[in-house]
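Participant: I have a structure I would like to understand better, so I am pasting it below and will then ask my questions one at a time.
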Amino acid sequence: MTAMGMVREFCANLTLDGGCMGIPVQSLAAPPGKAVAHPLGKCLIAERKRCSYFERCILPLADWRRPEEKKGAQQGRLKARATYHRLHRISVPELEEPRVCPDCGALLAKRARYCEICSKDRRKKNARAWWRKKGKNGGPDSIVNEKRDFASP
Ligand code: SF4
Ligand SMILES: [Zn+2]
């Protein structure tokens, strides 16, 4: 995913023709009639410029994990954020010393110990190990073993 991809997916200011309604962050919570807007003919991100709305409201969504979305979607958002930071030379502690997944080396979201793909794999492995252990005490694995023993000559 690119920064513009994040805009298309999440920015409430983007208009159908690629322009911007220009409602600033501080006006989002303003009562009706009090909001100010500075519409633009073209989205700033499409022009490779900085946008404060994008930085405050959209970029933090890179840390958002949605279990229902496609594998690697969050990784795409993290890469888009890192590319945006590099493009505008925005220095953030995370980028100076990027945290990576110990299993695969992918960029990590804030507070995450593993990337979304590896954490899913680990959850599955742990669940399998749990079932195996439980199997020794009469769980499903022991039933499978009994059947195998029974069927063998
Ligand atoms: S300029 Fe900023 S607020 Fe406007 S559409 Fe682009 S990202 Fe959204
Ligand atoms: Zn990983």
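Each chain of the structure tokens is named A, B, ... in the order shown, its residues numbered from 1; ligands are numbered from 1 in display order.
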Got a sec to tell me which of segment 26-136 of chain A DSSP assigns to alpha helix (DSSP H), as number ranges by chain?
Facilitator: A: 52-53, 73-87, 93-96, 116-136
Participant: Write out the residues from the selection above, keeping N, CA and C atoms, as a compact mmCIF listing (two decimals), in the first residue's frame.
Facilitator:
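To be explicit, this is the file written out as again-v7.txt:
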```txt
# COMPACT_ATOMS: atom_id res chain seq x y z
N SER A 52 -1.43 17.78 7.43
CA SER A 52 -1.51 17.56 8.88
C SER A 52 -2.67 16.62 9.24
N TYR A 53 -3.76 16.72 8.47
CA TYR A 53 -4.90 15.81 8.72
C TYR A 53 -4.44 14.37 8.53
N ALA A 73 -2.22 -6.80 5.32
CA ALA A 73 -2.77 -5.45 5.10
C ALA A 73 -2.14 -4.44 6.05
N GLN A 74 -1.96 -4.85 7.31
CA GLN A 74 -1.36 -3.91 8.25
C GLN A 74 0.10 -3.64 7.89
N GLN A 75 0.81 -4.68 7.42
CA GLN A 75 2.19 -4.48 6.98
C GLN A 75 2.25 -3.44 5.88
N GLY A 76 1.27 -3.47 4.98
CA GLY A 76 1.19 -2.50 3.88
C GLY A 76 1.07 -1.08 4.43
N ARG A 77 0.24 -0.92 5.46
CA ARG A 77 0.05 0.42 6.05
C ARG A 77 1.34 0.87 6.75
N LEU A 78 2.00 -0.06 7.42
CA LEU A 78 3.25 0.31 8.12
C LEU A 78 4.31 0.75 7.12
N LYS A 79 4.38 0.04 5.97
CA LYS A 79 5.35 0.41 4.94
C LYS A 79 5.01 1.78 4.35
N ALA A 80 3.70 2.01 4.12
CA ALA A 80 3.29 3.30 3.55
C ALA A 80 3.68 4.44 4.51
N ARG A 81 3.49 4.20 5.83
CA ARG A 81 3.84 5.23 6.81
C ARG A 81 5.36 5.48 6.81
N ALA A 82 6.13 4.38 6.76
CA ALA A 82 7.59 4.54 6.77
C ALA A 82 8.05 5.29 5.52
N THR A 83 7.44 4.99 4.36
CA THR A 83 7.81 5.67 3.11
C THR A 83 7.48 7.16 3.20
N TYR A 84 6.30 7.49 3.76
CA TYR A 84 5.89 8.90 3.91
C TYR A 84 6.88 9.63 4.83
N HIS A 85 7.26 8.99 5.92
CA HIS A 85 8.21 9.62 6.84
C HIS A 85 9.55 9.86 6.16
N ARG A 86 9.98 8.88 5.38
CA ARG A 86 11.28 9.04 4.67
C ARG A 86 11.19 10.16 3.65
N LEU A 87 10.10 10.18 2.86
CA LEU A 87 9.92 11.18 1.81
C LEU A 87 10.03 12.59 2.38
N PRO A 93 11.22 8.47 16.59
CA PRO A 93 12.09 7.49 17.26
C PRO A 93 11.95 6.09 16.67
N GLU A 94 10.71 5.74 16.31
CA GLU A 94 10.45 4.42 15.74
C GLU A 94 11.27 4.18 14.48
N LEU A 95 11.45 5.26 13.68
CA LEU A 95 12.17 5.09 12.41
C LEU A 95 13.67 5.10 12.62
N GLU A 96 14.12 5.88 13.63
CA GLU A 96 15.55 5.91 13.88
C GLU A 96 16.04 4.52 14.28
N GLU A 116 1.68 -9.14 12.28
CA GLU A 116 0.35 -9.78 12.34
C GLU A 116 0.39 -11.21 11.80
N ILE A 117 1.21 -11.47 10.77
CA ILE A 117 1.26 -12.82 10.18
C ILE A 117 1.89 -13.80 11.17
N CYS A 118 3.05 -13.41 11.72
CA CYS A 118 3.73 -14.31 12.66
C CYS A 118 2.94 -14.49 13.94
N SER A 119 2.23 -13.43 14.39
CA SER A 119 1.50 -13.63 15.64
C SER A 119 0.35 -14.60 15.42
N LYS A 120 -0.26 -14.58 14.19
CA LYS A 120 -1.31 -15.56 13.91
C LYS A 120 -0.71 -16.97 13.91
N ASP A 121 0.46 -17.12 13.22
CA ASP A 121 1.12 -18.43 13.17
C ASP A 121 1.43 -18.93 14.58
N ARG A 122 1.92 -18.01 15.41
CA ARG A 122 2.27 -18.42 16.78
C ARG A 122 1.05 -18.85 17.57
N ARG A 123 -0.03 -18.10 17.38
CA ARG A 123 -1.27 -18.48 18.08
C ARG A 123 -1.69 -19.89 17.69
N LYS A 124 -1.60 -20.17 16.34
CA LYS A 124 -1.99 -21.51 15.87
C LYS A 124 -1.08 -22.57 16.48
N LYS A 125 0.26 -22.30 16.45
CA LYS A 125 1.22 -23.27 17.01
C LYS A 125 0.94 -23.52 18.47
N ASN A 126 0.70 -22.43 19.22
CA ASN A 126 0.42 -22.59 20.65
C ASN A 126 -0.84 -23.41 20.88
N ALA A 127 -1.85 -23.14 20.04
CA ALA A 127 -3.10 -23.89 20.19
C ALA A 127 -2.85 -25.37 19.91
N ARG A 128 -2.06 -25.65 18.85
CA ARG A 128 -1.76 -27.06 18.52
C ARG A 128 -1.01 -27.72 19.68
N ALA A 129 -0.02 -27.00 20.23
CA ALA A 129 0.77 -27.55 21.34
C ALA A 129 -0.13 -27.83 22.54
N TRP A 130 -1.07 -26.92 22.75
CA TRP A 130 -2.00 -27.07 23.88
C TRP A 130 -2.84 -28.33 23.68
N TRP A 131 -3.32 -28.53 22.43
CA TRP A 131 -4.14 -29.71 22.16
C TRP A 131 -3.33 -30.99 22.31
N ARG A 132 -2.05 -30.91 21.84
CA ARG A 132 -1.19 -32.10 21.96
C ARG A 132 -1.02 -32.49 23.42
N LYS A 133 -0.75 -31.44 24.23
CA LYS A 133 -0.53 -31.68 25.66
C LYS A 133 -1.80 -32.24 26.30
N LYS A 134 -2.90 -31.63 25.92
CA LYS A 134 -4.18 -32.08 26.46
C LYS A 134 -4.48 -33.51 26.00
N GLY A 135 -4.02 -33.83 24.76
CA GLY A 135 -4.25 -35.15 24.19
C GLY A 135 -3.68 -36.25 25.07
N LYS A 136 -2.52 -35.96 25.69
CA LYS A 136 -1.90 -36.97 26.55
C LYS A 136 -2.78 -37.29 27.76
```
Participant: Find the residues around segment 6-18 of chain A up to 10 Å (only C-alpha atoms counted), leave out those fewer than 2 positions away in its own chain, and share them as a list in words.
Facilitator: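 Selected residues are Met1, Thr2, Ala3, Met4, Cys20, Met21, Gly22, Ile23, Pro24, Pro39, Leu40, Gly41, Lys42, Cys43, Leu44, Ile45, Ala46, Tyr53, Phe54, Cys57, Ile58, Leu59, Leu61, Ala62, Gly76, Arg77, Ala80 and Arg81 of chain A.
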Participant: Which protein, DNA or RNA residues have an atom within 7 Å of ligand 2, counting only C-alpha atoms and all ligand atoms, as a compact mmCIF listing (two decimals) with N, CA and C atoms, in the first residue's frame?
Facilitator:
```
# COMPACT_ATOMS: atom_id res chain seq x y z
N CYS A 101 9.93 -7.56 13.51
CA CYS A 101 9.43 -8.84 14.01
C CYS A 101 10.60 -9.81 14.18
N PRO A 102 10.75 -10.42 15.36
CA PRO A 102 11.88 -11.33 15.57
C PRO A 102 11.81 -12.59 14.69
N ASP A 103 10.63 -12.91 14.18
CA ASP A 103 10.49 -14.12 13.37
C ASP A 103 10.78 -13.89 11.89
N CYS A 104 10.33 -12.73 11.36
CA CYS A 104 10.47 -12.54 9.90
C CYS A 104 11.13 -11.22 9.51
N GLY A 105 11.35 -10.32 10.46
CA GLY A 105 12.04 -9.06 10.15
C GLY A 105 11.13 -7.96 9.62
N ALA A 106 9.80 -8.18 9.58
CA ALA A 106 8.89 -7.14 9.09
C ALA A 106 8.77 -6.01 10.12
N TYR A 114 5.15 -9.24 17.68
CA TYR A 114 5.36 -9.94 16.40
C TYR A 114 4.49 -9.26 15.36
N CYS A 115 4.83 -9.46 14.06
CA CYS A 115 3.98 -8.90 13.02
C CYS A 115 2.67 -9.67 13.00
N GLU A 116 1.68 -9.14 12.28
CA GLU A 116 0.35 -9.78 12.34
C GLU A 116 0.39 -11.21 11.80
N ILE A 117 1.21 -11.47 10.77
CA ILE A 117 1.26 -12.82 10.18
C ILE A 117 1.89 -13.80 11.17
N CYS A 118 3.05 -13.41 11.72
CA CYS A 118 3.73 -14.31 12.66
C CYS A 118 2.94 -14.49 13.94
```
